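Listing of structure.csv, CSV, C-alpha atoms and all ligand atoms
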chain,number,residue,atom,x,y,z
B,1,MET,CA,-3.3,-8.3,133.1
B,2,GLU,CA,-4.4,-7.3,136.6
B,3,ARG,CA,-6.9,-4.5,136.8
B,4,VAL,CA,-5.8,-1.3,138.5
B,5,ASN,CA,-8.1,-1.0,141.6
B,6,PHE,CA,-8.7,1.4,144.5
B,7,ASN,CA,-10.2,-1.1,146.9
B,8,ASP,CA,-9.8,0.2,150.5
B,9,ARG,CA,-8.7,3.6,149.2
B,10,VAL,CA,-10.4,6.9,150.1
B,11,ALA,CA,-10.2,9.7,147.6
B,12,VAL,CA,-11.1,13.4,147.6
B,13,VAL,CA,-11.8,15.0,144.2
B,14,THR,CA,-12.3,18.8,144.3
B,15,GLY,CA,-14.6,20.3,141.7
B,16,ALA,CA,-16.0,16.9,141.0
B,17,GLY,CA,-19.6,18.1,140.3
B,18,GLN,CA,-19.1,18.2,136.6
B,19,GLY,CA,-16.6,18.2,133.7
B,20,ILE,CA,-13.3,16.4,134.2
B,21,GLY,CA,-13.6,16.1,138.0
B,22,ARG,CA,-16.8,14.2,137.7
B,23,MET,CA,-15.0,11.7,135.4
B,24,TYR,CA,-12.3,11.1,138.1
B,25,ALA,CA,-14.9,10.6,140.8
B,26,LEU,CA,-17.0,8.1,138.8
B,27,ALA,CA,-14.0,6.2,137.7
B,28,LEU,CA,-12.4,6.0,141.1
B,29,ALA,CA,-15.7,4.7,142.6
B,30,ARG,CA,-16.1,2.2,139.8
B,31,ARG,CA,-12.7,0.8,140.7
B,32,GLY,CA,-13.5,0.5,144.4
B,33,ALA,CA,-12.5,3.8,146.0
B,34,ARG,CA,-14.7,5.6,148.5
B,35,VAL,CA,-15.0,9.1,147.2
B,36,VAL,CA,-15.6,12.6,148.6
B,37,VAL,CA,-17.2,14.5,145.8
B,38,ASN,CA,-16.4,18.1,146.6
B,39,ASP,CA,-18.0,20.9,144.6
B,40,LEU,CA,-19.1,24.4,145.5
B,41,GLY,CA,-21.5,24.4,142.5
B,42,VAL,CA,-20.4,27.7,141.1
B,43,THR,CA,-20.7,29.2,137.6
B,44,ARG,CA,-17.7,29.2,135.3
B,45,ASP,CA,-16.6,32.5,136.6
B,46,GLY,CA,-16.9,31.4,140.3
B,47,SER,CA,-20.2,33.0,141.1
B,48,GLY,CA,-23.0,31.5,143.2
B,49,ALA,CA,-23.1,28.2,145.0
B,50,ASP,CA,-25.3,25.1,144.4
B,51,THR,CA,-25.2,21.8,146.3
B,52,SER,CA,-26.9,19.9,143.5
B,53,ALA,CA,-23.7,19.6,141.5
B,54,ALA,CA,-21.9,17.4,144.1
B,55,ASP,CA,-25.2,15.6,145.0
B,56,LYS,CA,-25.9,14.5,141.5
B,57,VAL,CA,-22.5,12.8,141.2
B,58,VAL,CA,-22.8,11.2,144.5
B,59,GLU,CA,-26.3,9.8,143.5
B,60,GLU,CA,-24.8,8.5,140.2
B,61,ILE,CA,-22.0,6.7,142.1
B,62,ILE,CA,-24.3,5.2,144.7
B,63,SER,CA,-26.9,4.1,142.2
B,64,ALA,CA,-24.1,2.3,140.3
B,65,GLY,CA,-23.2,0.4,143.5
B,66,GLY,CA,-20.3,2.6,144.6
B,67,LYS,CA,-19.5,4.6,147.7
B,68,ALA,CA,-19.4,8.4,147.8
B,69,VAL,CA,-20.3,11.4,150.0
B,70,ALA,CA,-20.8,15.0,149.0
B,71,ASN,CA,-19.0,18.1,150.3
B,72,TYR,CA,-19.9,21.6,149.3
B,73,ASP,CA,-17.1,23.7,150.8
B,74,SER,CA,-15.0,26.1,148.8
B,75,VAL,CA,-11.4,25.0,148.3
B,76,ALA,CA,-10.3,28.6,148.5
B,77,THR,CA,-10.2,28.9,152.3
B,78,MET,CA,-8.2,26.9,154.9
B,79,SER,CA,-11.4,26.2,156.8
B,80,GLY,CA,-13.0,24.9,153.6
B,81,GLY,CA,-9.9,22.7,152.8
B,82,GLU,CA,-9.9,21.3,156.4
B,83,ASN,CA,-13.6,20.5,156.2
B,84,ILE,CA,-13.2,18.7,152.9
B,85,VAL,CA,-10.5,16.5,154.4
B,86,LYS,CA,-12.6,16.1,157.6
B,87,THR,CA,-15.5,14.8,155.4
B,88,ALA,CA,-13.2,12.0,154.3
B,89,MET,CA,-12.1,11.3,157.8
B,90,ASP,CA,-15.6,11.4,159.4
B,91,SER,CA,-17.1,9.3,156.6
B,92,TYR,CA,-14.4,6.8,155.9
B,93,GLY,CA,-11.6,7.2,158.5
B,94,LYS,CA,-8.7,7.9,156.2
B,95,LEU,CA,-7.5,9.7,153.1
B,96,ASP,CA,-5.2,8.2,150.4
B,97,ILE,CA,-5.8,10.2,147.3
B,98,LEU,CA,-6.3,13.9,146.6
B,99,ILE,CA,-7.1,15.2,143.1
B,100,ASN,CA,-7.0,19.1,143.2
B,101,ASN,CA,-9.2,19.8,140.2
B,102,ALA,CA,-11.7,22.7,141.2
B,103,GLY,CA,-11.3,25.6,138.9
B,104,ILE,CA,-12.8,28.8,137.5
B,105,LEU,CA,-12.0,31.3,134.8
B,106,ARG,CA,-11.9,35.1,134.7
B,107,ASP,CA,-10.2,35.7,131.4
B,108,LYS,CA,-9.1,39.2,130.5
B,109,SER,CA,-6.2,40.6,128.6
B,110,PHE,CA,-3.4,41.7,131.0
B,111,LEU,CA,-3.9,45.4,130.7
B,112,LYS,CA,-7.6,45.1,131.4
B,113,MET,CA,-7.3,42.6,134.3
B,114,THR,CA,-8.7,43.9,137.6
B,115,GLU,CA,-7.3,43.1,141.0
B,116,GLU,CA,-10.5,41.2,141.8
B,117,GLU,CA,-10.2,39.0,138.7
B,118,TRP,CA,-6.6,38.3,139.6
B,119,ASP,CA,-7.3,37.4,143.2
B,120,LEU,CA,-10.4,35.2,142.5
B,121,VAL,CA,-8.5,33.0,140.1
B,122,MET,CA,-5.4,32.8,142.4
B,123,ASN,CA,-7.6,32.0,145.4
B,124,VAL,CA,-9.4,29.1,143.8
B,125,HIS,CA,-6.6,27.4,141.8
B,126,LEU,CA,-3.4,28.2,143.8
B,127,LYS,CA,-4.5,29.0,147.3
B,128,GLY,CA,-7.2,26.4,147.0
B,129,ALA,CA,-4.7,23.7,146.3
B,130,PHE,CA,-2.7,24.8,149.3
B,131,CYS,CA,-5.8,24.8,151.5
B,132,VAL,CA,-6.9,21.3,150.7
B,133,THR,CA,-3.5,19.7,150.2
B,134,GLN,CA,-1.9,20.8,153.5
B,135,PRO,CA,-4.6,19.0,155.7
B,136,ALA,CA,-4.7,16.1,153.3
B,137,VAL,CA,-0.9,15.6,153.4
B,138,LYS,CA,-0.9,15.7,157.2
B,139,ILE,CA,-3.0,12.6,157.2
B,140,MET,CA,-1.1,10.9,154.3
B,141,LYS,CA,2.2,11.4,156.2
B,142,ALA,CA,0.8,9.8,159.3
B,143,ASN,CA,-0.3,6.8,157.2
B,144,ASN,CA,2.9,6.7,155.2
B,145,TYR,CA,1.0,6.6,151.9
B,146,GLY,CA,-0.6,9.1,149.6
B,147,ARG,CA,-1.2,10.2,146.0
B,148,VAL,CA,-1.7,13.9,145.2
B,149,VAL,CA,-2.5,15.3,141.8
B,150,PHE,CA,-2.5,19.0,140.9
B,151,THR,CA,-4.3,20.3,137.9
B,152,ALA,CA,-2.2,22.8,135.8
B,153,SER,CA,-2.9,23.8,132.3
B,154,ILE,CA,-1.1,24.3,129.0
B,155,SER,CA,-2.0,28.0,129.5
B,156,GLY,CA,0.3,28.1,132.5
B,157,LEU,CA,3.0,25.9,131.0
B,158,TYR,CA,3.1,27.6,127.7
B,159,GLY,CA,0.8,30.6,127.7
B,160,ASN,CA,-2.6,31.6,126.3
B,161,PHE,CA,-3.9,35.0,125.3
B,162,GLY,CA,-6.1,36.5,128.0
B,163,GLN,CA,-5.1,34.1,130.8
B,164,THR,CA,-2.3,35.8,132.7
B,165,ASN,CA,-4.1,35.2,136.0
B,166,TYR,CA,-5.1,31.7,135.2
B,167,GLY,CA,-1.7,30.8,133.7
B,168,ALA,CA,0.2,32.2,136.7
B,169,ALA,CA,-2.0,30.2,139.1
B,170,LYS,CA,-1.7,27.1,137.1
B,171,LEU,CA,2.1,27.3,136.8
B,172,GLY,CA,2.2,28.1,140.5
B,173,LEU,CA,0.8,24.6,141.1
B,174,VAL,CA,3.9,23.2,139.5
B,175,GLY,CA,5.9,25.2,142.0
B,176,ILE,CA,4.0,23.7,144.9
B,177,MET,CA,4.6,20.2,143.5
B,178,ASN,CA,8.3,20.7,142.9
B,179,SER,CA,9.0,21.4,146.6
B,180,LEU,CA,6.3,19.3,148.1
B,181,LYS,CA,7.5,16.2,146.3
B,182,LEU,CA,10.8,16.6,148.1
B,183,GLU,CA,9.2,17.2,151.5
B,184,VAL,CA,7.0,14.0,151.4
B,185,ALA,CA,9.2,11.6,149.4
B,186,LYS,CA,10.1,9.4,152.4
B,187,TYR,CA,6.4,8.8,153.3
B,188,ASP,CA,5.5,7.2,149.9
B,189,ILE,CA,3.5,10.2,148.9
B,190,LYS,CA,3.7,10.8,145.2
B,191,VAL,CA,2.8,14.3,144.0
B,192,ASN,CA,2.2,14.9,140.3
B,193,THR,CA,0.6,17.4,138.0
B,194,VAL,CA,-1.6,17.1,135.0
B,195,ALA,CA,-2.5,19.6,132.2
B,196,PRO,CA,-5.8,18.2,130.9
B,197,ASN,CA,-7.6,19.3,127.8
B,198,ALA,CA,-11.3,18.5,127.4
B,199,TRP,CA,-14.6,19.7,126.2
B,200,SER,CA,-16.4,21.2,129.3
B,201,ARG,CA,-18.3,24.4,130.1
B,202,MET,CA,-14.8,25.9,130.5
B,203,THR,CA,-13.9,25.3,126.9
B,204,ALA,CA,-17.2,25.0,125.1
B,205,ASP,CA,-17.0,28.5,123.7
B,206,VAL,CA,-13.3,28.2,122.9
B,207,PHE,CA,-13.1,24.9,121.0
B,208,PRO,CA,-14.8,24.3,117.6
B,209,PRO,CA,-18.1,22.3,118.0
B,210,GLU,CA,-16.6,19.1,116.5
B,211,PHE,CA,-14.3,19.0,119.5
B,212,GLU,CA,-17.2,18.1,121.8
B,213,GLU,CA,-16.9,14.4,120.8
B,214,LYS,CA,-13.1,14.4,120.2
B,215,MET,CA,-12.2,16.1,123.4
B,216,ASN,CA,-14.3,13.9,125.7
B,217,PRO,CA,-13.3,14.7,129.3
B,218,GLN,CA,-13.1,10.9,130.0
B,219,PHE,CA,-9.8,10.8,128.1
B,220,ASN,CA,-8.1,12.6,130.9
B,221,GLU,CA,-9.3,10.2,133.6
B,222,PRO,CA,-7.1,7.1,133.0
B,223,MET,CA,-3.9,9.1,133.2
B,224,VAL,CA,-4.9,10.7,136.5
B,225,LEU,CA,-6.2,7.4,137.9
B,226,TYR,CA,-2.9,5.8,137.1
B,227,LEU,CA,-1.0,8.6,138.9
B,228,CYS,CA,-3.3,8.0,141.9
B,229,SER,CA,-2.7,4.2,141.9
B,230,GLU,CA,-0.4,2.3,144.2
B,231,GLU,CA,1.4,1.1,141.0
B,232,ASN,CA,2.5,4.7,140.2
B,233,LYS,CA,6.1,5.3,141.5
B,234,VAL,CA,6.8,8.6,139.9
B,235,SER,CA,6.6,11.9,141.7
B,236,GLY,CA,7.2,15.5,140.6
B,237,ASN,CA,6.2,14.9,136.9
B,238,ILE,CA,3.9,16.8,134.7
B,239,PHE,CA,1.6,15.0,132.2
B,240,ALA,CA,-0.5,16.6,129.5
B,241,THR,CA,-3.5,14.9,128.1
B,242,GLY,CA,-6.4,15.5,125.7
B,243,ALA,CA,-8.3,13.8,122.9
B,244,GLY,CA,-6.6,10.5,123.6
B,245,TRP,CA,-3.0,11.8,123.6
B,246,TYR,CA,-0.9,11.4,126.7
B,247,GLY,CA,2.6,12.8,127.1
B,248,ARG,CA,5.1,14.1,129.7
B,249,THR,CA,6.2,17.7,129.7
B,250,ALA,CA,9.0,19.2,131.8
B,251,ILE,CA,11.0,22.2,132.8
B,252,VAL,CA,14.5,21.8,131.4
B,253,SER,CA,17.7,23.8,131.2
B,254,GLY,CA,20.6,23.9,128.8
B,255,ASP,CA,24.3,23.6,129.6
B,256,GLY,CA,24.8,27.4,129.5
B,257,VAL,CA,28.3,29.0,129.5
B,258,CYS,CA,30.7,29.5,132.4
B,259,LEU,CA,31.9,33.1,132.1
B,260,GLY,CA,32.6,33.7,135.8
B,261,ASP,CA,35.8,34.6,137.3
B,262,ALA,CA,35.7,35.5,141.0
B,263,LYS,CA,38.4,38.1,140.5
B,264,ARG,CA,36.6,40.3,137.9
B,265,SER,CA,33.1,41.4,136.9
B,266,ILE,CA,31.3,40.2,133.7
B,267,SER,CA,30.4,42.7,131.1
B,268,VAL,CA,27.1,43.1,129.1
B,269,GLU,CA,29.3,42.6,126.0
B,270,GLU,CA,30.3,39.1,127.2
B,271,ILE,CA,26.7,38.2,127.6
B,272,ARG,CA,26.0,39.5,124.1
B,273,ASP,CA,28.9,37.7,122.6
B,274,ASN,CA,28.0,34.4,124.3
B,275,PHE,CA,24.2,34.7,123.9
B,276,HIS,CA,24.1,31.8,121.5
B,277,GLY,CA,25.8,29.4,123.9
B,278,ILE,CA,23.7,30.8,126.9
B,279,SER,CA,20.5,30.1,124.9
B,280,ASN,CA,21.5,26.7,123.6
B,281,MET,CA,19.2,23.9,124.6
B,282,ASP,CA,20.9,21.1,122.7
B,283,ASN,CA,21.9,19.2,125.8
B,284,LYS,CA,18.7,20.0,127.8
B,285,ARG,CA,18.3,18.4,131.2
B,286,GLU,CA,15.8,18.1,134.0
B,287,HIS,CA,16.6,18.6,137.7
B,288,ASP,CA,15.2,16.8,140.7
B,289,SER,CA,15.5,20.0,142.7
B,290,GLY,CA,16.8,23.5,142.3
B,291,LEU,CA,20.1,22.4,143.6
B,292,GLY,CA,20.6,20.6,140.3
B,293,MET,CA,21.3,24.0,138.8
B,294,PHE,CA,24.4,24.3,140.9
B,295,GLU,CA,26.0,21.5,138.8
B,296,TYR,CA,26.5,23.9,136.0
B,297,MET,CA,28.2,26.4,138.2
B,298,GLY,CA,30.4,23.6,139.7
B,299,PRO,CA,33.6,24.5,137.9
B,300,LEU,CA,33.2,28.1,139.1
B,301,LEU,CA,32.5,27.2,142.7
B,302,SER,CA,35.2,24.6,143.3
C,401,LIG,N1,-11.4,21.8,130.2
C,401,LIG,C1,-10.1,22.0,129.8
C,401,LIG,O1,-9.7,21.9,128.6
C,401,LIG,C2,-9.1,22.3,130.8
C,401,LIG,C3,-7.8,22.7,130.4
C,401,LIG,C4,-6.8,22.9,131.3
C,401,LIG,C5,-7.1,22.9,132.6
C,401,LIG,N2,-8.3,22.5,133.1
C,401,LIG,C6,-8.5,22.5,134.5
C,401,LIG,O2,-9.2,21.3,134.8
C,401,LIG,C7,-10.0,21.5,136.0
C,401,LIG,C8,-11.4,21.0,135.7
C,401,LIG,O3,-11.9,21.8,134.6
C,401,LIG,P1,-13.3,21.5,133.8
C,401,LIG,O4,-13.1,21.8,132.4
C,401,LIG,O5,-13.9,20.2,134.2
C,401,LIG,O6,-14.2,22.7,134.5
C,401,LIG,P2,-15.7,22.8,135.0
C,401,LIG,O7,-16.1,24.2,135.1
C,401,LIG,O8,-16.6,21.8,134.2
C,401,LIG,O9,-15.6,22.1,136.5
C,401,LIG,C9,-15.0,22.8,137.5
C,401,LIG,C10,-15.7,22.5,138.8
C,401,LIG,O10,-15.0,23.2,139.9
C,401,LIG,C11,-16.0,23.7,140.8
C,401,LIG,N3,-15.5,24.7,141.6
C,401,LIG,C12,-15.1,26.0,141.2
C,401,LIG,N4,-14.7,26.7,142.2
C,401,LIG,C13,-14.7,25.9,143.3
C,401,LIG,C14,-14.3,26.1,144.6
C,401,LIG,N5,-13.9,27.3,145.1
C,401,LIG,N6,-14.5,25.1,145.5
C,401,LIG,C15,-15.0,23.9,145.1
C,401,LIG,N7,-15.4,23.7,143.8
C,401,LIG,C16,-15.2,24.7,142.9
C,401,LIG,C17,-17.1,24.1,139.9
C,401,LIG,O11,-18.4,24.2,140.6
C,401,LIG,C18,-17.1,23.1,138.8
C,401,LIG,O12,-18.0,22.0,139.1
C,401,LIG,C19,-9.9,23.0,136.3
C,401,LIG,O13,-8.9,23.1,137.3
C,401,LIG,C20,-9.4,23.6,135.0
C,401,LIG,O14,-8.7,24.8,135.2
C,401,LIG,C21,-9.3,22.3,132.2
Take the structure I supplied and represent it as structure tokens, if you would.
Ligand SMILES: NC(=O)c1ccc[n+]([C@@H]2O[C@H](COP(=O)([O-])OP(=O)(O)OC[C@H]3O[C@@H](n4cnc5c(N)ncnc54)[C@H](O)[C@@H]3O)[C@@H](O)[C@H]2O)c1
Amino acid sequence: MERVNFNDRVAVVTGAGQGIGRMYALALARRGARVVVNDLGVTRDGSGADTSAADKVVEEIISAGGKAVANYDSVATMSGGENIVKTAMDSYGKLDILINNAGILRDKSFLKMTEEEWDLVMNVHLKGAFCVTQPAVKIMKANNYGRVVFTASISGLYGNFGQTNYGAAKLGLVGIMNSLKLEVAKYDIKVNTVAPNAWSRMTADVFPPEFEEKMNPQFNEPMVLYLCSEENKVSGNIFATGAGWYGRTAIVSGDGVCLGDAKRSISVEEIRDNFHGISNMDNKREHDSGLGMFEYMGPLLS
């Protein structure tokens, strides 16, 4: 079986100074990619800045015979995002792969959440993905090729106590993906999202100690590398990973019930009396775009 390789590919991995992002950077470089190792070098809550996080990973790659360059910009501003992409262009002349991975936590229950805690998390995860992906996709579009991965979380997809800010930002990335995949489809740019689970400084005080070995961050890497490979042809999908488990997850809708009648209004009682059918997910389906939802209303619109 032919080995998946990234020869001649240039990749940017944000937040690659440690944890899961470091695994992506090391693996991409081992398989031939030239890698921009971006990391602001902050603490788990986003404080401070330290160039050594990115430098160490670059050294590790170079000493193993690979090619990499460090970048220390924050993903959370457009100038930072542009500079991250410029680092790839100045160093290697192109950009094929972007893994949006940088992240912080400011956990707090919803009623205690401050505006600052909300904004910081939104800025790094959601705005950060916009700020790096927009300049990256400009280059990918010009080259008619690209692979983009966003990093969501099961917290955003399904919820987690104390993470309304983080969960909103993470599910927001799915929103970016859903529209971006349509806008770039004709340029062979595939856009996907992962929801990883791994032992890292982000989870070390959440997971039980035995998870350190079982939730090795390496387990997330092969899924993301496959999505970044030329062989990957899917776009707009969400994959969850962790502890050696890999699966696709999706936003689906049920058939619902057509109650409409252009000539009259619908009452609350009709909703109540049809609630079972409205809620039924037996025949659940995915949709390539929001327009798919209009199929259900078809009989009422024709
Ligand atoms: N570990 C998990 O179980 C888990 C679960 C779901 C999602 N995630 C997501 O996976 C990604 C990686 O998480 P991790 O566990 O490896 O965390 P980590 O804290 O080990 O690594 C995150 C890295 O991002 C960097 N970073 C933070 N803010 C930045 C900024 N503004 N600009 C550039 N770099 C910045 C940090 O310096 C750090 O090196 C994050 O997006 C996280 O939300 C992780």
Contacts of Gly46 in chain B at 12 Å or less, counting only C-alpha atoms, minus same-chain residues fewer than 5 places along, as a PyMOL selection string? chain B and resi 15+39-41+74-76+102-107+116-117+119-125+202
Which protein, DNA or RNA residues have an atom within 8 Å of ligand LIG 401 (chain C), counting all atoms listed in the file, as a ChimeraX atom specification? /B:14-22,38-44,46,49-50,53-54,72-76,100-105,123-125,128,151-155,166,170,195-203,217,242
Give me the residues near range 221-232 of chain B as a ChimeraX atom specification, where near means some atom within 7 Å (using only C-alpha atoms) and where sequence neighbours in that chain fewer than 3 positions away do not count. /B:23-24,97,147-148,218
Would you put the residues from that selection into a file with C-alpha atoms, as a CSV table (one decimal), keeping the file's coordinate frame?
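Output (again-v5.csv):
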chain,number,residue,atom,x,y,z
B,23,MET,CA,-15.0,11.7,135.4
B,24,TYR,CA,-12.3,11.1,138.1
B,97,ILE,CA,-5.8,10.2,147.3
B,147,ARG,CA,-1.2,10.2,146.0
B,148,VAL,CA,-1.7,13.9,145.2
B,218,GLN,CA,-13.1,10.9,130.0
Check which residues of range 175-197 of chain B sit at most 10 Å from range 279-296 of chain B using only C-alpha atoms, and return one row each with the closest pair of atoms and their distance in Å to one decimal, ordered by chain and rising number, as JSON lines.
{"residue": "B:Asn178", "atom": "CA", "partner": "B:Ser289", "partner_atom": "CA", "distance": 7.2}
{"residue": "B:Ser179", "atom": "CA", "partner": "B:Ser289", "partner_atom": "CA", "distance": 7.7}
{"residue": "B:Lys181", "atom": "CA", "partner": "B:Asp288", "partner_atom": "CA", "distance": 9.5}
{"residue": "B:Leu182", "atom": "CA", "partner": "B:Ser289", "partner_atom": "CA", "distance": 7.9}
Between B:Leu157, B:Ile189, B:Ala204, B:Leu173, single out the one closest to Asn143 in chain B, counting all atoms listed in the file. B:Ile189
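Counting all atoms listed in the file and comparing B:Asn160, B:Asn220, B:Asn71, B:Thr133, the residue that lies closest to Thr87 in chain B is B:Asn71.
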Using only C-alpha atoms, which of B:Ala88, B:Ala33, B:Ser47, B:Thr249 sits nearest Gly66 in chain B?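 Counting only C-alpha atoms, the residue closest to Gly66 in chain B is B:Ala33.
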Residues near Gly146 in chain B, anyone? I mean within 12 Å using all atoms listed in the file, not counting same-chain ones fewer than 2 positions away, as a PyMOL selection string. chain B and resi 9-12+94-99+133+136-144+148-149+181+184-192+227-233+235
Kindly save the residues from that selection, with C-alpha atoms included, as a PDB file, in the coordinates of the input.
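Writing the result to out.pdb gives the following:
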ATOM      1  CA  ARG B   9      -8.700   3.600 149.200  1.00  0.00           C
ATOM      2  CA  VAL B  10     -10.400   6.900 150.100  1.00  0.00           C
ATOM      3  CA  ALA B  11     -10.200   9.700 147.600  1.00  0.00           C
ATOM      4  CA  VAL B  12     -11.100  13.400 147.600  1.00  0.00           C
ATOM      5  CA  LYS B  94      -8.700   7.900 156.200  1.00  0.00           C
ATOM      6  CA  LEU B  95      -7.500   9.700 153.100  1.00  0.00           C
ATOM      7  CA  ASP B  96      -5.200   8.200 150.400  1.00  0.00           C
ATOM      8  CA  ILE B  97      -5.800  10.200 147.300  1.00  0.00           C
ATOM      9  CA  LEU B  98      -6.300  13.900 146.600  1.00  0.00           C
ATOM     10  CA  ILE B  99      -7.100  15.200 143.100  1.00  0.00           C
ATOM     11  CA  THR B 133      -3.500  19.700 150.200  1.00  0.00           C
ATOM     12  CA  ALA B 136      -4.700  16.100 153.300  1.00  0.00           C
ATOM     13  CA  VAL B 137      -0.900  15.600 153.400  1.00  0.00           C
ATOM     14  CA  LYS B 138      -0.900  15.700 157.200  1.00  0.00           C
ATOM     15  CA  ILE B 139      -3.000  12.600 157.200  1.00  0.00           C
ATOM     16  CA  MET B 140      -1.100  10.900 154.300  1.00  0.00           C
ATOM     17  CA  LYS B 141       2.200  11.400 156.200  1.00  0.00           C
ATOM     18  CA  ALA B 142       0.800   9.800 159.300  1.00  0.00           C
ATOM     19  CA  ASN B 143      -0.300   6.800 157.200  1.00  0.00           C
ATOM     20  CA  ASN B 144       2.900   6.700 155.200  1.00  0.00           C
ATOM     21  CA  VAL B 148      -1.700  13.900 145.200  1.00  0.00           C
ATOM     22  CA  VAL B 149      -2.500  15.300 141.800  1.00  0.00           C
ATOM     23  CA  LYS B 181       7.500  16.200 146.300  1.00  0.00           C
ATOM     24  CA  VAL B 184       7.000  14.000 151.400  1.00  0.00           C
ATOM     25  CA  ALA B 185       9.200  11.600 149.400  1.00  0.00           C
ATOM     26  CA  LYS B 186      10.100   9.400 152.400  1.00  0.00           C
ATOM     27  CA  TYR B 187       6.400   8.800 153.300  1.00  0.00           C
ATOM     28  CA  ASP B 188       5.500   7.200 149.900  1.00  0.00           C
ATOM     29  CA  ILE B 189       3.500  10.200 148.900  1.00  0.00           C
ATOM     30  CA  LYS B 190       3.700  10.800 145.200  1.00  0.00           C
ATOM     31  CA  VAL B 191       2.800  14.300 144.000  1.00  0.00           C
ATOM     32  CA  ASN B 192       2.200  14.900 140.300  1.00  0.00           C
ATOM     33  CA  LEU B 227      -1.000   8.600 138.900  1.00  0.00           C
ATOM     34  CA  CYS B 228      -3.300   8.000 141.900  1.00  0.00           C
ATOM     35  CA  SER B 229      -2.700   4.200 141.900  1.00  0.00           C
ATOM     36  CA  GLU B 230      -0.400   2.300 144.200  1.00  0.00           C
ATOM     37  CA  GLU B 231       1.400   1.100 141.000  1.00  0.00           C
ATOM     38  CA  ASN B 232       2.500   4.700 140.200  1.00  0.00           C
ATOM     39  CA  LYS B 233       6.100   5.300 141.500  1.00  0.00           C
ATOM     40  CA  SER B 235       6.600  11.900 141.700  1.00  0.00           C
TER      41      SER B 235
END
For a quick check of understanding, using all atoms listed in the file, which of B:Leu111, B:Val234, B:Ala243, B:Ala250 has the smallest distance to Phe219 in chain B?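 Counting all atoms listed in the file, the residue closest to Phe219 in chain B is B:Ala243.
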Rank nothing, just name the residue among B:Val194, B:Leu180, B:Met215, B:Leu259 nearest to Ala240 in chain B, using all atoms listed in the file. B:Val194
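The two atoms in question, CA of Cys131 in chain B and CA of Glu82 in chain B, are spaced 7.3 Å apart.
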Taken to one decimal, the CA of Gly32 in chain B-CA of Phe6 in chain B distance is 4.9 Å
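As for CA of Met297 in chain B and CA of Ile176 in chain B, they are spaced 25.3 Å apart.
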